[in-house]
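Q: I'd like to ask some things about the structure below.
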Amino acid sequence: MLDDFLIRAALAGIGLALATGPLGSFVVWRRMAYFGDATSHAAILGVALALALHLPIGIGTLIVALAMAGTVSTLAAKGWAMDTTLGVLAHSALAFGLVAISYVPNVRADLSSYLFGDILAVSRADLAFIWGGAALVLALLIWRWQRLLTATLSEDLAHASGINPSTERLTLTIALAVVVAVALKIVGALLIAAMLIIPAAAARALSRTPESMATIAAFIGAQACLGGLALSLWQDTPAGPSIITIAALIFAASAAFGRAAHK
Amino acid sequence: MPRLPKGRRMSLISAQHISVAFGAANVLTDVSLAIDQSEIVTLIGPNGSGKSTLLRALLGIVPLASGQVQRAPDLRLGYVPQKLAIDRAMPMTVRRFLSLPQNVRDKDARAALARVGLAGQEGAQMAQLSGGQMQRAMLARALLTDPQILVLDEPTQGLDQQGEAAFYRLIEELRLETGAAVLMVSHDLHVVMAASDRVICLNGHICCQGAPHVVSSAPEYRALFGLGTQGALALYQHAHDHVHDGGHVPAGPAPTTGAKDAFGRSPTDPHYGHNHA
């Protein structure tokens with residue numbers, strides 16, 4: 001069954017959505033959208049590093065994404081102006097990555113697959129990496145769920161309950177880096193943040209508790225992946241952007257429904 | 001956090017010579033205090049005097065520059081912050097909020113909500129509560145930990161005068177029911193004076209402390225809050241029906257028994273809520 005590239009692609013998308021649903025909800029709750037951009041754009045730099053050092057792409061991406069996520073959250077804790085700092089970091093990471101990658105021979109032709117993903121070329125090994133990474137992120141979030149929610153709601157309440165908000169920030173930082181490494185193959189560096197934010201934003205109008213929002217976001221993400229694959233096959237459009245297109249359409253429908261429901 | 005040996009009579013929470021600095025500026029200098037069981041202690045002081053910072057230092061939210069904070073072993077502490085800004089992006093029912101971070105049973109959640117006057121509000125979204133309802137929801141959450149001490153940071157900020165009086169009345173009832181100590185920050189001087197066992201007057205350091213009527217006649221207190229407040233205070237410690245001009249009533253020794261009776265004053269009183277400072 002796994003011999004079929006379409007089945008592999010669908011499974012890859014569903015695996016990714018299981019992690020991006022809950023994690024994307026935290027990104028939305030904590031207003032970390034730009035943070036996701038900076039980390040995912042750094043993935044291109046990770047690709048260049050991996051190619052130069054002959055490391056697996058996933059490992060190179062993970063290392064650079066961790067470094068970037070760690071830098072950003074350290075700067076945030078020191079009270080830097082995050083809007084500007086993140087803007088500088090996100091775009092610089094992308095530019096540095098693209099320049100660095102141009103020095104590696106024979107990659108230019110593949111560049112668009114790193115930028116926009118190549119879900120139709122997912123191998124069995126990729127699938128194992130994607131599901132392993134997604135399971136790790138999900139396990140991490142479930143393990144620390146109550147503490148993460150409390151710290152997200154209010155750092156003061158967390159402190160008073162004996163929870164250290166910095167630990168929970170670190171948890172999310174690590175989870176984000178892993179998701180970036182996992183998602184690179186599927187939607188590409190430019191669209192990872194979209195995969196985090198759009199399904200979660202679409203789930204907001206349909207949810208009453210954090211748990212329902214995280215679950216619905218995972219479901220919407222999976223639907224977007226399947227719908228995007230179908231669109232890509234039918235219209236011969238690039239798969240990664242097709243997935244985000246479907247996610248955006250679901251968001252628009254959900255926003256309209258939410259508005260109607262409140263009237 | 002160091003713990004005292006068991007068996008010794010001790011305070012629930014205490015601070016020894018703590019100082020807190022933000023950058024080069026000292027916000028608190030050499031503050032020592034102790035909160036005992038079942039007492040209501042109020043921190044008062046002008047804006048920027050370090051009231052909230054002292055609470056936050058006791059809770060471990062802000063780091064100490066020096067000194068130490070001691071808690072009774074396994075102290076159960078319920079905290080109600082000044083305000084809780086819940087982002088609309090985060091769906092959160094009142095019921096779900098009560099189970100953060102410790103899961104509580106439905107029966108207990110229902111009882112806690114009923115006790116604070118939010119019966120049946122389990123399904124309401126936190127972001128849509130009014131200021132007063134939000135304070136009550138946070139109080140219900142704090143109560144569910146069966147606290148030995150409730151810590152409240154300006155709990156009535158943003159409430160109207162009736163809401164404020166009702167909230168303080170609720171706090172005092174809860175203290176009687178549960179035996180929990182209460183440590184709160186407030187700048188509603190007259191209410192505070194009537195509802196506290198002990199008042200600590202803060203201005204970067206502890207200026208004076210003691211029973212409300214003692215503090216209110218201390219020169220340090222008058223230097224901070226002026227005589228106008230004294231007038232307002234005296235007003236609430238005496239009967240309300242006498243005439244006075246300019247809001248100044250001769251201070252005199254306040255009747256020690258009058259304080260709590262005065263708390264139940266009517267919101268229709270023309271001087272209700274006045275702050276002559």
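Residue numbering restarts at 1 in every chain; chains get A, B, ... in the order shown in the structure tokens, and ligands count up from 1 in that same order.
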Using only C-alpha atoms, select each residue of chain B with any atom at most 9 Å away from an atom of chain A, and give the selection as a PyMOL selection string.
A: chain B and resi 56+59-61+77-81+84-93+96-97+99-103+123+125
Q: Since we have the selection now, will you write its residues out, keeping N, CA and C atoms, as a PDB file, in the first residue's frame?
A:
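Output contents, as saved in out-v9.pdb:
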```
ATOM      1  N   ARG B  56       4.121  39.937  44.298  1.00  0.00           N
ATOM      2  CA  ARG B  56       4.732  39.100  43.276  1.00  0.00           C
ATOM      3  C   ARG B  56       6.051  38.498  43.754  1.00  0.00           C
ATOM      4  N   LEU B  59       5.190  35.566  45.892  1.00  0.00           N
ATOM      5  CA  LEU B  59       4.733  34.427  45.094  1.00  0.00           C
ATOM      6  C   LEU B  59       5.849  33.830  44.245  1.00  0.00           C
ATOM      7  N   GLY B  60       7.009  34.485  44.231  1.00  0.00           N
ATOM      8  CA  GLY B  60       8.111  33.955  43.424  1.00  0.00           C
ATOM      9  C   GLY B  60       8.033  34.385  41.969  1.00  0.00           C
ATOM     10  N   ILE B  61       7.198  35.389  41.648  1.00  0.00           N
ATOM     11  CA  ILE B  61       7.076  35.831  40.255  1.00  0.00           C
ATOM     12  C   ILE B  61       8.232  36.749  39.884  1.00  0.00           C
ATOM     13  N   LEU B  77      -1.963  27.903  48.377  1.00  0.00           N
ATOM     14  CA  LEU B  77      -2.092  29.337  48.167  1.00  0.00           C
ATOM     15  C   LEU B  77      -2.992  29.593  46.972  1.00  0.00           C
ATOM     16  N   GLY B  78      -3.980  30.451  47.160  1.00  0.00           N
ATOM     17  CA  GLY B  78      -4.859  30.813  46.044  1.00  0.00           C
ATOM     18  C   GLY B  78      -4.566  32.243  45.637  1.00  0.00           C
ATOM     19  N   TYR B  79      -4.280  32.430  44.345  1.00  0.00           N
ATOM     20  CA  TYR B  79      -3.862  33.753  43.877  1.00  0.00           C
ATOM     21  C   TYR B  79      -4.891  34.325  42.914  1.00  0.00           C
ATOM     22  N   VAL B  80      -5.274  35.555  43.143  1.00  0.00           N
ATOM     23  CA  VAL B  80      -6.157  36.276  42.227  1.00  0.00           C
ATOM     24  C   VAL B  80      -5.395  37.493  41.722  1.00  0.00           C
ATOM     25  N   PRO B  81      -4.920  37.451  40.476  1.00  0.00           N
ATOM     26  CA  PRO B  81      -4.125  38.568  39.973  1.00  0.00           C
ATOM     27  C   PRO B  81      -4.973  39.808  39.718  1.00  0.00           C
ATOM     28  N   LEU B  84      -6.817  39.603  34.347  1.00  0.00           N
ATOM     29  CA  LEU B  84      -6.438  38.492  33.484  1.00  0.00           C
ATOM     30  C   LEU B  84      -6.896  38.870  32.087  1.00  0.00           C
ATOM     31  N   ALA B  85      -5.925  39.137  31.223  1.00  0.00           N
ATOM     32  CA  ALA B  85      -6.269  39.506  29.856  1.00  0.00           C
ATOM     33  C   ALA B  85      -6.325  38.235  29.026  1.00  0.00           C
ATOM     34  N   ILE B  86      -7.536  37.742  28.785  1.00  0.00           N
ATOM     35  CA  ILE B  86      -7.658  36.519  27.995  1.00  0.00           C
ATOM     36  C   ILE B  86      -7.838  36.886  26.534  1.00  0.00           C
ATOM     37  N   ASP B  87      -6.886  36.452  25.738  1.00  0.00           N
ATOM     38  CA  ASP B  87      -6.930  36.732  24.311  1.00  0.00           C
ATOM     39  C   ASP B  87      -8.163  36.059  23.708  1.00  0.00           C
ATOM     40  N   ARG B  88      -8.870  36.804  22.880  1.00  0.00           N
ATOM     41  CA  ARG B  88     -10.068  36.218  22.271  1.00  0.00           C
ATOM     42  C   ARG B  88      -9.733  35.035  21.376  1.00  0.00           C
ATOM     43  N   ALA B  89      -8.461  34.954  20.991  1.00  0.00           N
ATOM     44  CA  ALA B  89      -8.060  33.823  20.155  1.00  0.00           C
ATOM     45  C   ALA B  89      -8.111  32.514  20.928  1.00  0.00           C
ATOM     46  N   MET B  90      -8.167  32.599  22.260  1.00  0.00           N
ATOM     47  CA  MET B  90      -8.139  31.382  23.071  1.00  0.00           C
ATOM     48  C   MET B  90      -9.530  31.079  23.606  1.00  0.00           C
ATOM     49  N   PRO B  91     -10.155  30.014  23.100  1.00  0.00           N
ATOM     50  CA  PRO B  91     -11.470  29.657  23.649  1.00  0.00           C
ATOM     51  C   PRO B  91     -11.272  29.078  25.047  1.00  0.00           C
ATOM     52  N   MET B  92     -12.052  29.531  26.005  1.00  0.00           N
ATOM     53  CA  MET B  92     -11.863  29.055  27.380  1.00  0.00           C
ATOM     54  C   MET B  92     -13.162  29.254  28.139  1.00  0.00           C
ATOM     55  N   THR B  93     -13.823  28.154  28.458  1.00  0.00           N
ATOM     56  CA  THR B  93     -15.026  28.288  29.266  1.00  0.00           C
ATOM     57  C   THR B  93     -14.628  28.475  30.724  1.00  0.00           C
ATOM     58  N   ARG B  96     -13.666  25.150  32.224  1.00  0.00           N
ATOM     59  CA  ARG B  96     -12.329  24.682  31.851  1.00  0.00           C
ATOM     60  C   ARG B  96     -11.265  25.455  32.635  1.00  0.00           C
ATOM     61  N   PHE B  97     -11.498  26.751  32.802  1.00  0.00           N
ATOM     62  CA  PHE B  97     -10.555  27.608  33.521  1.00  0.00           C
ATOM     63  C   PHE B  97     -10.355  27.122  34.954  1.00  0.00           C
ATOM     64  N   SER B  99     -10.258  24.241  36.024  1.00  0.00           N
ATOM     65  CA  SER B  99      -9.418  23.031  36.059  1.00  0.00           C
ATOM     66  C   SER B  99      -7.985  23.297  35.614  1.00  0.00           C
ATOM     67  N   LEU B 100      -7.527  24.534  35.708  1.00  0.00           N
ATOM     68  CA  LEU B 100      -6.142  24.847  35.356  1.00  0.00           C
ATOM     69  C   LEU B 100      -5.374  25.297  36.592  1.00  0.00           C
ATOM     70  N   PRO B 101      -4.250  24.708  36.915  1.00  0.00           N
ATOM     71  CA  PRO B 101      -3.682  23.542  36.242  1.00  0.00           C
ATOM     72  C   PRO B 101      -4.149  22.223  36.853  1.00  0.00           C
ATOM     73  N   GLN B 102      -4.893  22.248  37.955  1.00  0.00           N
ATOM     74  CA  GLN B 102      -5.334  21.006  38.593  1.00  0.00           C
ATOM     75  C   GLN B 102      -6.767  20.687  38.189  1.00  0.00           C
ATOM     76  N   ASN B 103      -7.002  19.476  37.722  1.00  0.00           N
ATOM     77  CA  ASN B 103      -8.365  19.081  37.404  1.00  0.00           C
ATOM     78  C   ASN B 103      -9.227  19.077  38.660  1.00  0.00           C
ATOM     79  N   GLY B 123     -20.519  27.279  31.362  1.00  0.00           N
ATOM     80  CA  GLY B 123     -20.323  27.269  29.919  1.00  0.00           C
ATOM     81  C   GLY B 123     -19.944  28.621  29.332  1.00  0.00           C
ATOM     82  N   GLN B 125     -17.932  31.892  28.155  1.00  0.00           N
ATOM     83  CA  GLN B 125     -16.555  32.109  27.723  1.00  0.00           C
ATOM     84  C   GLN B 125     -15.895  33.153  28.632  1.00  0.00           C
TER      85      GLN B 125
END
```
Q: Tell me which protein, DNA and RNA residues are within 9 Å of Thr53 in chain B, counting only C-alpha atoms, leaving out same-chain ones fewer than 6 positions away, and put them as an NGL selection string.
A: :B and (20 or 27-28 or 61-62)
Q: From a DSSP calculation on the backbone, collect every residue of range 16-194 of chain B in helix (DSSP H, G or I) and output the set as a count of residues only.
A: 63
Q: Find the spatial neighbours of range 196-210 of chain B, counting only C-alpha atoms, within a cut-off of 6 Å - ignore same-chain residues fewer than 5 positions away - and output them as a PDB file with C-alpha atoms, in the first residue's frame.
A:
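Just written: around_10.pdb:
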```
ATOM      1  CA  VAL B  27      11.554  49.005  44.142  1.00  0.00           C
ATOM      2  CA  LEU B  28      11.510  47.378  47.550  1.00  0.00           C
ATOM      3  CA  THR B  29      14.126  47.812  50.263  1.00  0.00           C
ATOM      4  CA  VAL B  31      10.887  44.521  53.692  1.00  0.00           C
ATOM      5  CA  ILE B  40      -6.751  39.737  56.725  1.00  0.00           C
ATOM      6  CA  VAL B  41      -3.734  41.851  55.897  1.00  0.00           C
ATOM      7  CA  THR B  42      -3.894  44.693  53.425  1.00  0.00           C
ATOM      8  CA  LEU B  43      -1.009  46.403  51.683  1.00  0.00           C
ATOM      9  CA  ILE B  44      -1.613  50.051  50.944  1.00  0.00           C
ATOM     10  CA  GLY B  45       0.593  52.743  49.496  1.00  0.00           C
ATOM     11  CA  SER B  49       5.171  52.142  46.097  1.00  0.00           C
ATOM     12  CA  GLY B  50       5.857  48.479  45.321  1.00  0.00           C
ATOM     13  CA  VAL B 215      -1.970  52.978  61.152  1.00  0.00           C
TER      14      VAL B 215
END
```
Q: Need to verify the contact set: Ala203 in chain A, 8 Å, only C-alpha atoms, exclusion of same-chain residues closer than 5 positions in sequence. Can you return it as a PyMOL selection string?
A: chain A and resi 213-214+216-217+220+251+254
Q: Could you pull the residues within 12 Å of Lys185 in chain A, counting only C-alpha atoms, minus those fewer than 6 positions along the same chain, as a PDB file with C-alpha atoms, in the first residue's frame?
A:
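Done, and the output landed in part.pdb:
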```pdb
ATOM      1  CA  ALA A   9       1.632  11.758   0.437  1.00  0.00           C
ATOM      2  CA  ALA A  12       2.551  12.436   5.380  1.00  0.00           C
ATOM      3  CA  GLY A  13      -0.008  15.229   5.359  1.00  0.00           C
ATOM      4  CA  LEU A  16       1.956  16.633   9.937  1.00  0.00           C
ATOM      5  CA  SER A  40      10.667  28.017   9.353  1.00  0.00           C
ATOM      6  CA  ALA A  43      15.060  25.864   7.641  1.00  0.00           C
ATOM      7  CA  ILE A  44      16.548  26.855   4.262  1.00  0.00           C
ATOM      8  CA  VAL A  47      19.208  22.657   4.179  1.00  0.00           C
ATOM      9  CA  ILE A  57      18.339  17.229   5.461  1.00  0.00           C
ATOM     10  CA  GLY A  58      16.055  16.623   8.451  1.00  0.00           C
ATOM     11  CA  THR A  61      17.003  21.644   9.438  1.00  0.00           C
ATOM     12  CA  ASP A 110      15.656  21.440  -6.296  1.00  0.00           C
ATOM     13  CA  LEU A 111      15.355  24.761  -4.565  1.00  0.00           C
ATOM     14  CA  SER A 112      11.645  25.142  -5.139  1.00  0.00           C
ATOM     15  CA  SER A 113      11.006  21.798  -3.437  1.00  0.00           C
ATOM     16  CA  TYR A 114      12.621  23.186  -0.262  1.00  0.00           C
ATOM     17  CA  LEU A 115      10.713  26.422  -0.524  1.00  0.00           C
ATOM     18  CA  PHE A 116       7.304  24.977  -1.373  1.00  0.00           C
ATOM     19  CA  GLY A 117       7.593  21.315  -0.398  1.00  0.00           C
ATOM     20  CA  ASP A 118       7.475  18.146  -2.424  1.00  0.00           C
ATOM     21  CA  ILE A 119       4.866  15.992  -0.757  1.00  0.00           C
ATOM     22  CA  LEU A 120       4.411  13.800  -3.828  1.00  0.00           C
ATOM     23  CA  ALA A 121       8.043  12.680  -3.525  1.00  0.00           C
ATOM     24  CA  VAL A 122       7.770  11.544   0.112  1.00  0.00           C
ATOM     25  CA  SER A 123       9.643   8.239   0.569  1.00  0.00           C
ATOM     26  CA  ALA A 125      12.019   6.889   5.130  1.00  0.00           C
ATOM     27  CA  ASP A 126      10.561  10.399   4.964  1.00  0.00           C
ATOM     28  CA  LEU A 127       7.265   9.029   6.201  1.00  0.00           C
ATOM     29  CA  PHE A 129      10.711  10.745   9.972  1.00  0.00           C
ATOM     30  CA  ILE A 130       7.469  12.712   9.626  1.00  0.00           C
ATOM     31  CA  VAL A 179       7.623  20.598  13.354  1.00  0.00           C
ATOM     32  CA  LEU A 191       4.452  27.742   3.954  1.00  0.00           C
ATOM     33  CA  ILE A 192       5.165  25.980   7.260  1.00  0.00           C
ATOM     34  CA  ALA A 239       0.996  20.379  -3.969  1.00  0.00           C
ATOM     35  CA  GLY A 240       2.296  22.542  -1.066  1.00  0.00           C
TER      36      GLY A 240
END
```
Q: Tell me, counting only C-alpha atoms, for each residue of range 171-257 of chain A within 12 Å of range 84-92 of chain A, which pair of atoms is nearest and how far apart they are in Å to one decimal, in rows ordered by chain and increasing number, as a tab-separated table.
A:
```
residue	atom	partner	partner_atom	distance
A:Ala189	CA	A:Ala90	CA	11.1
A:Leu190	CA	A:Ala90	CA	10.6
A:Ala193	CA	A:Ala90	CA	11.4
```
Q: If you count only C-alpha atoms, which residues fall within 6 Å of Gly67 in chain B, apart from same-chain ones fewer than 3 positions away, as a list in words?
A: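 Skipping anything fewer than 3 positions along the chain leaves Gln16, His17 and Ile18 of chain B.
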Q: Create the file for the chosen residues now, containing C-alpha atoms and written as a PDB file, in the first residue's frame.
A:
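In the end it all went to again_33.pdb:
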```pdb
ATOM      1  CA  GLN B  16      12.853  38.408  55.737  1.00  0.00           C
ATOM      2  CA  HIS B  17      14.606  41.586  54.662  1.00  0.00           C
ATOM      3  CA  ILE B  18      13.685  41.241  51.021  1.00  0.00           C
TER       4      ILE B  18
END
```
Q: Here is a test: counting only C-alpha atoms, which residue of A:Leu66, A:Gly60, A:Asp83, A:Ala128 is nearest to Tyr34 in chain A?
A: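 Smallest distance to Tyr34 in chain A is found for A:Asp83.
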Q: Run DSSP on the backbone of this structure and report the residues of range 42-112 of chain B it assigns to strand (DSSP E), as a list in words.
A: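 Everything in range 42-112 of chain B that counts as strand (DSSP E) is Thr42, Leu43, Ile44, Ser66, Gly67, Gln68, Val69, Gln70, Arg71, Leu77, Gly78, Tyr79 and Val80 of chain B.
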Q: Those residues with C-alpha atoms, as a PDB file, in the first residue's frame please?
A:
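Written out: again_19.pdb:
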```pdb
ATOM      1  CA  THR B  42      -3.894  44.693  53.425  1.00  0.00           C
ATOM      2  CA  LEU B  43      -1.009  46.403  51.683  1.00  0.00           C
ATOM      3  CA  ILE B  44      -1.613  50.051  50.944  1.00  0.00           C
ATOM      4  CA  SER B  66      18.328  39.995  48.586  1.00  0.00           C
ATOM      5  CA  GLY B  67      16.519  38.487  51.547  1.00  0.00           C
ATOM      6  CA  GLN B  68      14.313  35.422  51.500  1.00  0.00           C
ATOM      7  CA  VAL B  69      10.712  34.297  51.445  1.00  0.00           C
ATOM      8  CA  GLN B  70       9.563  31.364  53.545  1.00  0.00           C
ATOM      9  CA  ARG B  71       6.382  29.388  53.107  1.00  0.00           C
ATOM     10  CA  LEU B  77      -2.092  29.337  48.167  1.00  0.00           C
ATOM     11  CA  GLY B  78      -4.859  30.813  46.044  1.00  0.00           C
ATOM     12  CA  TYR B  79      -3.862  33.753  43.877  1.00  0.00           C
ATOM     13  CA  VAL B  80      -6.157  36.276  42.227  1.00  0.00           C
TER      14      VAL B  80
END
```
Q: What's the 9 Å shell around Ser52 in chain B, counting only C-alpha atoms, without same-chain residues fewer than 3 positions away, as a list in words?
A: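 Residues near the query, excluding close chain neighbours: Leu43, Gly48, Ser49, Leu55, Arg56, Ala57, Gln82, Asp153, Glu154 and Val185 of chain B.
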Q: Store the residues of this selection in a file with C-alpha atoms, as a PDB file, in the first residue's frame.
A:
```pdb
ATOM      1  CA  LEU B  43      -1.009  46.403  51.683  1.00  0.00           C
ATOM      2  CA  GLY B  48       4.620  52.940  42.438  1.00  0.00           C
ATOM      3  CA  SER B  49       5.171  52.142  46.097  1.00  0.00           C
ATOM      4  CA  LEU B  55       2.972  40.331  46.375  1.00  0.00           C
ATOM      5  CA  ARG B  56       4.732  39.100  43.276  1.00  0.00           C
ATOM      6  CA  ALA B  57       7.976  38.682  45.194  1.00  0.00           C
ATOM      7  CA  GLN B  82      -4.950  42.183  39.279  1.00  0.00           C
ATOM      8  CA  ASP B 153      -3.851  41.999  43.911  1.00  0.00           C
ATOM      9  CA  GLU B 154      -6.191  44.996  43.707  1.00  0.00           C
ATOM     10  CA  VAL B 185      -3.270  44.958  47.810  1.00  0.00           C
TER      11      VAL B 185
END
```
Q: Could you please determine the separation between CA of Val104 in chain A and CA of Ala52 in chain A in Å, to one decimal place?
A: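 CA of Val104 in chain A sits 6.7 Å away from CA of Ala52 in chain A.
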